[in-house]
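Novice: Take a look at work_2.txt, compact mmCIF, C-alpha atoms:
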# COMPACT_ATOMS: atom_id res chain seq x y z
CA MET A 15 0.00 0.00 0.00
CA PHE A 16 2.98 2.30 0.58
CA GLU A 17 3.79 2.35 -3.13
CA LEU A 18 0.12 2.53 -4.13
CA LYS A 19 -0.40 5.43 -1.73
CA TRP A 20 2.27 7.41 -3.53
CA VAL A 21 0.65 6.63 -6.87
CA TYR A 22 -2.67 7.90 -5.52
CA GLU A 23 -1.05 11.08 -4.25
CA PHE A 24 0.77 11.60 -7.56
CA ILE A 25 -2.51 11.29 -9.48
CA LEU A 26 -4.25 13.83 -7.24
CA ILE A 27 -1.36 16.31 -7.49
CA ILE A 28 -1.23 16.08 -11.29
CA TYR A 29 -5.02 16.32 -11.51
CA GLY A 30 -5.05 19.38 -9.24
CA LEU A 31 -2.38 21.13 -11.32
CA SER A 32 -4.41 20.37 -14.44
CA LEU A 33 -7.48 22.01 -12.90
CA VAL A 34 -5.48 25.13 -12.06
CA GLY A 35 -4.18 25.24 -15.64
CA TYR A 36 -7.66 24.97 -17.16
CA PHE A 37 -8.95 27.72 -14.87
CA ILE A 38 -6.07 30.06 -15.79
CA ASP A 39 -6.73 29.35 -19.46
CA PHE A 40 -10.42 30.26 -19.12
CA ILE A 41 -9.74 33.52 -17.28
CA GLN A 42 -6.78 34.70 -19.34
CA ASP A 43 -7.18 32.73 -22.59
CA ASN A 44 -3.71 31.33 -21.97
CA ARG A 45 -2.78 28.82 -24.67
CA LYS A 46 0.27 27.51 -22.79
CA ALA A 47 -1.78 26.88 -19.66
CA ASN A 48 -4.37 25.03 -21.75
CA ILE A 49 -1.79 22.78 -23.40
CA THR A 50 -0.05 22.06 -20.09
CA ALA A 51 -3.37 21.26 -18.39
CA PHE A 52 -4.33 18.89 -21.22
CA TRP A 53 -1.08 16.92 -21.07
CA LEU A 54 -1.29 16.69 -17.28
CA LEU A 55 -4.81 15.36 -17.77
CA CYS A 56 -3.47 12.83 -20.27
CA MET A 57 -1.03 11.57 -17.62
CA VAL A 58 -3.91 11.03 -15.20
CA TRP A 59 -5.94 9.27 -17.90
CA VAL A 60 -3.06 6.92 -18.76
CA ILE A 61 -2.61 5.95 -15.09
CA GLN A 62 -6.34 5.45 -14.54
CA THR A 63 -6.61 3.43 -17.76
CA GLY A 64 -3.73 1.28 -16.54
CA PHE A 65 -5.61 0.59 -13.31
CA LEU A 66 -8.78 -0.18 -15.29
CA LEU A 67 -7.02 -2.61 -17.64
CA TYR A 68 -5.35 -4.31 -14.67
CA GLU A 69 -8.72 -4.89 -13.03
CA VAL A 70 -10.34 -6.16 -16.23
CA ILE A 71 -7.50 -8.29 -17.66
CA ILE A 72 -5.49 -9.44 -14.64
CA GLU A 73 -8.09 -9.47 -11.88
CA GLU A 74 -10.92 -10.37 -14.32
CA ASN A 75 -13.18 -7.91 -12.56
CA PHE A 76 -15.00 -5.07 -14.25
CA PRO A 77 -15.02 -2.23 -11.67
CA ILE A 78 -18.77 -1.75 -11.26
CA THR A 79 -19.65 -4.46 -8.73
CA THR A 80 -19.40 -2.18 -5.69
CA LEU A 81 -20.15 1.47 -5.06
CA THR A 82 -16.44 2.19 -4.50
CA ASP A 83 -15.43 0.53 -7.78
CA SER A 84 -18.21 2.38 -9.57
CA LEU A 85 -16.75 5.68 -8.37
CA PHE A 86 -13.47 4.82 -10.09
CA PHE A 87 -15.16 3.86 -13.36
CA TYR A 88 -17.39 6.97 -13.20
CA SER A 89 -14.33 9.17 -12.75
CA TRP A 90 -12.59 7.47 -15.69
CA VAL A 91 -15.64 7.98 -17.93
CA LEU A 92 -15.82 11.69 -17.03
CA LEU A 93 -12.10 12.10 -17.64
CA THR A 94 -12.35 10.38 -21.03
CA LEU A 95 -15.32 12.54 -22.05
CA SER A 96 -13.49 15.71 -21.01
CA MET A 97 -10.54 14.78 -23.24
CA VAL A 98 -12.91 14.20 -26.17
CA VAL A 99 -14.56 17.57 -25.51
CA HIS A 100 -11.13 19.21 -25.35
CA LYS A 101 -10.21 17.95 -28.81
CA LEU A 102 -13.55 18.47 -30.56
CA PHE A 103 -15.08 21.57 -28.97
CA LYS A 104 -13.80 24.96 -27.79
CA ILE A 105 -15.74 25.20 -24.53
CA HIS A 106 -12.93 25.34 -21.98
CA PHE A 107 -14.95 26.39 -18.93
CA ILE A 108 -17.13 23.28 -19.23
CA LEU A 109 -13.89 21.30 -19.19
CA PHE A 110 -13.00 22.88 -15.87
CA PHE A 111 -16.33 21.93 -14.30
CA ILE A 112 -16.30 18.38 -15.72
CA ASN A 113 -12.78 17.77 -14.46
CA LEU A 114 -13.50 19.41 -11.12
CA PHE A 115 -16.39 17.00 -10.56
CA SER A 116 -14.32 14.08 -11.85
CA PHE A 117 -11.55 15.08 -9.42
CA PHE A 118 -14.08 14.99 -6.58
CA ILE A 119 -15.31 11.52 -7.60
CA LEU A 120 -11.74 10.20 -7.96
CA LEU A 121 -10.76 11.68 -4.61
CA LEU A 122 -13.78 10.04 -3.00
CA TYR A 123 -12.85 6.69 -4.57
CA ILE A 124 -9.19 6.87 -3.51
CA SER A 125 -9.94 7.82 0.07
CA THR A 126 -12.75 5.25 0.43
CA ASP A 127 -10.74 2.49 -1.24
CA ALA A 128 -7.76 3.16 1.03
CA GLN A 129 -9.93 3.03 4.14
CA GLU A 130 -11.66 -0.20 3.10
CA LYS A 131 -8.64 -2.21 1.92
CA PHE A 132 -5.84 -0.93 4.12
CA SER A 133 -5.87 0.04 7.77
CA THR A 134 -2.71 1.91 8.80
CA SER A 135 -1.74 3.23 5.37
CA GLY A 136 -5.33 4.11 4.57
CA VAL A 137 -5.66 6.20 7.72
CA GLN A 138 -2.32 7.84 6.91
CA LEU A 139 -3.55 8.77 3.43
CA VAL A 140 -6.74 10.31 4.82
CA ASP A 141 -4.76 12.24 7.45
CA GLU A 142 -2.44 13.56 4.75
CA MET A 143 -5.57 14.69 2.88
CA LEU A 144 -6.41 16.91 5.85
CA VAL A 145 -2.90 18.38 5.82
CA VAL A 146 -3.20 19.16 2.09
CA HIS A 147 -6.67 20.64 2.66
CA ILE A 148 -5.33 23.11 5.24
CA SER A 149 -2.16 23.84 3.25
CA LEU A 150 -4.03 24.61 0.01
CA ALA A 151 -6.55 26.81 1.83
CA ILE A 152 -3.75 28.85 3.43
CA LEU A 153 -1.86 28.99 0.12
CA SER A 154 -4.97 30.35 -1.61
CA TYR A 155 -5.29 32.94 1.17
CA GLY A 156 -1.71 33.92 0.42
CA PHE A 157 -2.57 34.61 -3.22
CA PHE A 158 -5.69 36.55 -2.16
CA THR A 159 -3.53 38.63 0.19
CA LEU A 160 -1.10 39.38 -2.61
CA SER A 161 -4.02 40.46 -4.77
CA PHE A 162 -5.30 42.69 -1.94
CA PHE A 163 -2.00 44.55 -1.69
CA CYS A 164 -1.91 45.00 -5.47
CA SER A 165 -5.39 46.54 -5.35
CA LEU A 166 -4.46 48.67 -2.35
CA MET A 167 -1.42 50.01 -4.20
CA TYR A 168 -3.63 50.57 -7.26
CA ILE A 169 -6.05 52.71 -5.24
CA GLY A 170 -3.16 54.64 -3.68
CA GLN A 171 -1.51 55.36 -7.01
CA TYR A 172 -4.87 56.25 -8.57
CA GLN A 173 -5.46 58.89 -5.89
CA LEU A 174 -1.96 60.30 -6.33
CA LEU A 175 -2.41 60.63 -10.06
CA LYS A 176 -5.86 62.16 -9.64
CA LYS A 177 -4.61 64.80 -7.22
CA LYS A 178 -1.24 65.13 -8.96
CA LYS A 179 0.55 64.77 -5.63
CA GLY A 180 3.48 62.66 -4.56
CA LEU A 181 4.49 61.96 -8.14
CA LYS A 182 7.98 60.94 -7.04
CA TRP A 183 6.44 57.90 -5.26
CA ILE A 184 4.42 56.68 -8.23
CA TRP A 185 7.23 54.66 -9.78
CA ARG A 186 7.64 52.79 -6.49
CA LEU A 187 3.99 51.77 -6.39
CA GLY A 188 4.09 50.27 -9.87
CA ASP A 189 2.19 50.76 -13.10
CA LEU A 190 -1.62 50.78 -12.82
CA LYS A 191 -2.08 48.18 -15.55
CA MET A 192 0.57 45.96 -14.01
CA LEU A 193 -1.04 46.13 -10.55
CA ASP A 194 -4.47 45.37 -12.02
CA ARG A 195 -3.05 42.44 -13.98
CA TYR A 196 -1.20 40.98 -10.99
CA ALA A 197 -4.29 41.29 -8.79
CA LEU A 198 -6.30 39.35 -11.38
CA LEU A 199 -3.58 36.72 -11.78
CA ALA A 200 -3.30 36.13 -8.02
CA ILE A 201 -7.06 35.61 -7.68
CA THR A 202 -7.12 33.41 -10.80
CA ILE A 203 -4.66 31.07 -9.06
CA GLY A 204 -6.23 31.40 -5.61
CA VAL A 205 -9.80 30.46 -6.62
CA PRO A 206 -9.07 26.93 -7.97
CA LEU A 207 -6.70 26.28 -5.04
CA LEU A 208 -9.42 27.16 -2.52
CA THR A 209 -11.96 25.12 -4.51
CA ILE A 210 -9.74 22.04 -4.34
CA ALA A 211 -9.08 22.69 -0.64
CA ILE A 212 -12.82 22.78 0.13
CA ILE A 213 -13.38 19.55 -1.84
CA LEU A 214 -10.55 17.87 0.07
CA GLY A 215 -12.04 19.02 3.37
CA ILE A 216 -15.50 17.67 2.53
CA VAL A 217 -14.15 14.30 1.37
CA TRP A 218 -11.88 14.03 4.43
CA ALA A 219 -14.81 14.67 6.77
CA TYR A 220 -16.91 12.07 4.97
CA VAL A 221 -14.25 9.35 4.89
CA SER A 222 -12.82 9.92 8.37
CA SER A 223 -16.32 9.69 9.92
CA SER A 224 -15.79 13.02 11.65
CA GLU A 225 -18.82 15.12 12.53
CA PHE A 226 -19.25 17.49 9.64
CA TYR A 227 -21.50 20.52 9.79
CA TRP A 228 -22.51 22.25 6.57
CA PHE A 229 -23.71 25.19 8.66
CA ASP A 230 -20.51 25.44 10.70
CA LEU A 231 -19.28 29.06 10.64
CA LYS A 232 -15.87 28.14 9.24
CA THR A 233 -17.36 25.96 6.52
CA VAL A 234 -19.89 28.60 5.52
CA GLY A 235 -17.20 31.27 5.74
CA SER A 236 -14.82 29.38 3.42
CA ILE A 237 -17.56 28.87 0.83
CA LEU A 238 -18.49 32.56 1.17
CA VAL A 239 -14.88 33.60 0.57
CA LEU A 240 -14.79 31.42 -2.56
CA LEU A 241 -18.05 32.94 -3.85
CA VAL A 242 -16.84 36.48 -3.16
CA TYR A 243 -13.68 35.96 -5.19
CA MET A 244 -15.56 34.14 -7.94
CA LEU A 245 -17.81 37.20 -8.17
CA TYR A 246 -14.66 39.30 -8.58
CA LEU A 247 -13.70 37.19 -11.59
CA ILE A 248 -17.22 37.47 -13.01
CA LEU A 249 -17.12 41.27 -12.68
CA ARG A 250 -13.56 41.47 -13.99
CA VAL A 251 -13.75 39.02 -16.89
CA GLY A 252 -17.44 38.48 -17.58
CA ARG A 253 -18.78 42.01 -17.10
CA GLY A 254 -15.63 43.88 -18.16
CA TYR A 255 -15.15 45.90 -14.95
CA SER A 256 -11.60 47.05 -14.32
CA GLY A 257 -9.54 49.69 -12.59
CA LYS A 258 -10.62 51.34 -9.38
CA GLN A 259 -14.04 49.63 -9.25
CA VAL A 260 -12.68 46.10 -8.94
CA ALA A 261 -9.76 47.29 -6.80
CA VAL A 262 -12.20 48.64 -4.21
CA TYR A 263 -14.22 45.42 -4.43
CA ASN A 264 -11.06 43.39 -3.92
CA THR A 265 -10.18 45.24 -0.72
CA GLY A 266 -13.68 44.51 0.58
CA ALA A 267 -13.31 40.84 -0.38
CA PHE A 268 -10.13 40.68 1.68
CA LEU A 269 -12.05 41.88 4.74
CA VAL A 270 -14.41 38.92 4.28
CA LEU A 271 -11.36 36.65 4.17
CA LEU A 272 -10.00 38.12 7.41
CA VAL A 273 -13.33 37.67 9.19
CA ASN A 274 -13.45 34.03 8.10
CA PHE A 275 -9.83 33.32 9.03
CA PHE A 276 -9.81 34.94 12.47
CA LEU A 277 -13.39 35.29 13.75
CA PHE A 278 -15.14 32.26 12.23
CA SER A 279 -12.27 29.94 13.19
CA VAL A 280 -12.68 30.85 16.85
CA HIS A 281 -16.42 30.11 16.85
CA SER A 282 -16.24 26.99 14.69
CA ASN A 283 -17.54 23.71 16.10
CA PHE A 284 -15.85 21.61 13.43
CA HIS A 285 -12.50 23.23 12.70
CA PHE A 286 -9.77 23.50 15.27
Translate this structure into structure tokens?
Specialist:
Amino acid sequence: MFELKWVYEFILIIYGLSLVGYFIDFIQDNRKANITAFWLLCMVWVIQTGFLLYEVIIEENFPITTLTDSLFFYSWVLLTLSMVVHKLFKIHFILFFINLFSFFILLLYISTDAQEKFSTSGVQLVDEMLVVHISLAILSYGFFTLSFFCSLMYIGQYQLLKKKKGLKWIWRLGDLKMLDRYALLAITIGVPLLTIAIILGIVWAYVSSSEFYWFDLKTVGSILVLLVYMLYLILRVGRGYSGKQVAVYNTGAFLVLLVNFFLFSVHSNFHF
């Protein structure tokens, strides 16, 4: 199980990086990110197909006899369909959602399969899932914080230019377009990271048999933070807002993040 555990973890890491790449491609129309995400997805598909062929040919068992096995086959079907969609249609955001759901199904299969078949190593894998959940959430908060400071500097420089004061400090604050672009990039990376972190947390709570509360303040707060930053992307990319408007919104979004991180954590019944 030690070797298999590492294979599981490798698959999840590659799959997660692929999701981030597809999300960046949708927001920024980044061809390199799209190609990288597709080839990472191909690696996951090859490994999953290898597992599937092993079960069918060597074990002589088609993986649909149990609910856990069905999760694996379901994930493989979704992954295969997403690759077909990638090659035939130019609808990249649907790819992100298909693969995000497939990632959730695969994660549920891996964690459940490890718990059912292996005791010590299975528990270790689930515990590591919790560590990754917390790490990715904090990492996403780091990107959101970086975006906040970019927006804050944008607002400061905007005011200086408007009042034509402190011009000697402008070059230190950075170009307005650059600050706006970096703020967008940081949130574009932070959103899929937080999404994956939330999925990991939900699956961990389900598999570890811990008491999970959908209405726990920390849980609700994390989902609220994700929605707030997704709305930023909708305003920025979908509605075409830019400049001071989204910079002010971004500073407000960061306040929501701080409330969730400090206040909601203290009053949470589920999170430590």
Novice: Find, counting all atoms listed in the file, the residue in A:Gln171, A:Ser116, A:Thr63, A:Ser236 that gets nearest to Ile152 of chain A.
Specialist: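 Answer, going by the shortest atom-to-atom distance: A:Ser236.
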Novice: By how many Å are atom CA of Val34 of chain A and atom CA of Leu114 of chain A apart?
Specialist: 9.9 Å
Novice: To one decimal place, how far is atom CA of Leu231 of chain A from atom CA of Ile216 of chain A in Å?
Specialist: 14.5 Å
Novice: Hey, which of A:Ile27, A:Tyr168, A:Ile72, A:Ile41 ends up closest to Ile248 of chain A? Count all atoms listed in the file.
Specialist: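 When distances to Ile248 of chain A are compared using all atoms listed in the file, the smallest one comes from A:Ile41.
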Novice: Show me as a PyMOL selection string the residues that reach within 12 Å of (-15.0, 38.0, -15.4), counting all atoms listed in the file and using the file's own coordinates.
Specialist: chain A and resi 37-38+40-43+198+201-202+243-256+260
Novice: When you count all atoms listed in the file, which of these residues is closest to Met143 of chain A: A:Tyr29, A:Phe52, A:Tyr36, A:Trp218?
Specialist: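 Ranking A:Tyr29, A:Phe52, A:Tyr36, A:Trp218 by distance to Met143 of chain A, first place goes to A:Trp218.
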Novice: At what distance in Å, to one decimal, does atom CA of Leu214 of chain A lie from atom CA of Leu144 of chain A?
Specialist: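 We find that atom CA of Leu144 of chain A and atom CA of Leu214 of chain A lie 7.2 Å from each other.
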Novice: Using only C-alpha atoms, can you tell me which of A:Asn44, A:Asn75, A:Thr209, A:Ser32 comes closest to Met57 of chain A?
Specialist: A:Ser32
Novice: Using all atoms listed in the file, which of A:Ile210, A:Tyr123, A:Glu23, A:Leu33 sits nearest Thr80 of chain A?
Specialist: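 Closest to Thr80 of chain A, using all atoms listed in the file: A:Tyr123.
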Novice: Under the rule that all atoms listed in the file are counted, which of A:Phe163, A:Phe65, A:Phe275, A:Phe111 is the nearest residue to Ala261 of chain A?
Specialist: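 Closest residue, counting all atoms listed in the file: A:Phe163.
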Novice: Mind listing whatever residues come within 12 Å of the point (-0.2, 17.4, -18.1)? Use only C-alpha atoms, file coordinates, and give them as a PDB file with C-alpha atoms, in the coordinates of the input.
Specialist:
ATOM      1  CA  ILE A  25      -2.510  11.290  -9.480  1.00  0.00           C
ATOM      2  CA  ILE A  27      -1.360  16.310  -7.490  1.00  0.00           C
ATOM      3  CA  ILE A  28      -1.230  16.080 -11.290  1.00  0.00           C
ATOM      4  CA  TYR A  29      -5.020  16.320 -11.510  1.00  0.00           C
ATOM      5  CA  GLY A  30      -5.050  19.380  -9.240  1.00  0.00           C
ATOM      6  CA  LEU A  31      -2.380  21.130 -11.320  1.00  0.00           C
ATOM      7  CA  SER A  32      -4.410  20.370 -14.440  1.00  0.00           C
ATOM      8  CA  LEU A  33      -7.480  22.010 -12.900  1.00  0.00           C
ATOM      9  CA  VAL A  34      -5.480  25.130 -12.060  1.00  0.00           C
ATOM     10  CA  GLY A  35      -4.180  25.240 -15.640  1.00  0.00           C
ATOM     11  CA  TYR A  36      -7.660  24.970 -17.160  1.00  0.00           C
ATOM     12  CA  LYS A  46       0.270  27.510 -22.790  1.00  0.00           C
ATOM     13  CA  ALA A  47      -1.780  26.880 -19.660  1.00  0.00           C
ATOM     14  CA  ASN A  48      -4.370  25.030 -21.750  1.00  0.00           C
ATOM     15  CA  ILE A  49      -1.790  22.780 -23.400  1.00  0.00           C
ATOM     16  CA  THR A  50      -0.050  22.060 -20.090  1.00  0.00           C
ATOM     17  CA  ALA A  51      -3.370  21.260 -18.390  1.00  0.00           C
ATOM     18  CA  PHE A  52      -4.330  18.890 -21.220  1.00  0.00           C
ATOM     19  CA  TRP A  53      -1.080  16.920 -21.070  1.00  0.00           C
ATOM     20  CA  LEU A  54      -1.290  16.690 -17.280  1.00  0.00           C
ATOM     21  CA  LEU A  55      -4.810  15.360 -17.770  1.00  0.00           C
ATOM     22  CA  CYS A  56      -3.470  12.830 -20.270  1.00  0.00           C
ATOM     23  CA  MET A  57      -1.030  11.570 -17.620  1.00  0.00           C
ATOM     24  CA  VAL A  58      -3.910  11.030 -15.200  1.00  0.00           C
ATOM     25  CA  TRP A  59      -5.940   9.270 -17.900  1.00  0.00           C
ATOM     26  CA  VAL A  60      -3.060   6.920 -18.760  1.00  0.00           C
ATOM     27  CA  MET A  97     -10.540  14.780 -23.240  1.00  0.00           C
TER      28      MET A  97
END
Novice: Would you mind listing what lies within 9 Å of Phe268 of chain A as a JSON list (two decimals) with C-alpha atoms, in the coordinates of the input, with all atoms listed in the file counted and same-chain residues fewer than 4 positions away left out?
Specialist:
[["chain", "number", "residue", "atom", "x", "y", "z"],
["A", 158, "PHE", "CA", -5.69, 36.55, -2.16],
["A", 159, "THR", "CA", -3.53, 38.63, 0.19],
["A", 161, "SER", "CA", -4.02, 40.46, -4.77],
["A", 162, "PHE", "CA", -5.30, 42.69, -1.94],
["A", 239, "VAL", "CA", -14.88, 33.60, 0.57],
["A", 263, "TYR", "CA", -14.22, 45.42, -4.43],
["A", 264, "ASN", "CA", -11.06, 43.39, -3.92],
["A", 272, "LEU", "CA", -10.00, 38.12, 7.41],
["A", 273, "VAL", "CA", -13.33, 37.67, 9.19]]
Novice: Write out as a list in words the residues lying within 12 Å of Leu81 of chain A, counting all atoms listed in the file and excluding same-chain residues fewer than 2 positions away.
Specialist: Pro77, Ile78, Thr79, Asp83, Ser84, Leu85, Phe86, Phe87, Tyr88, Ile119, Leu122, Tyr123, Thr126, Asp127 and Glu130 of chain A
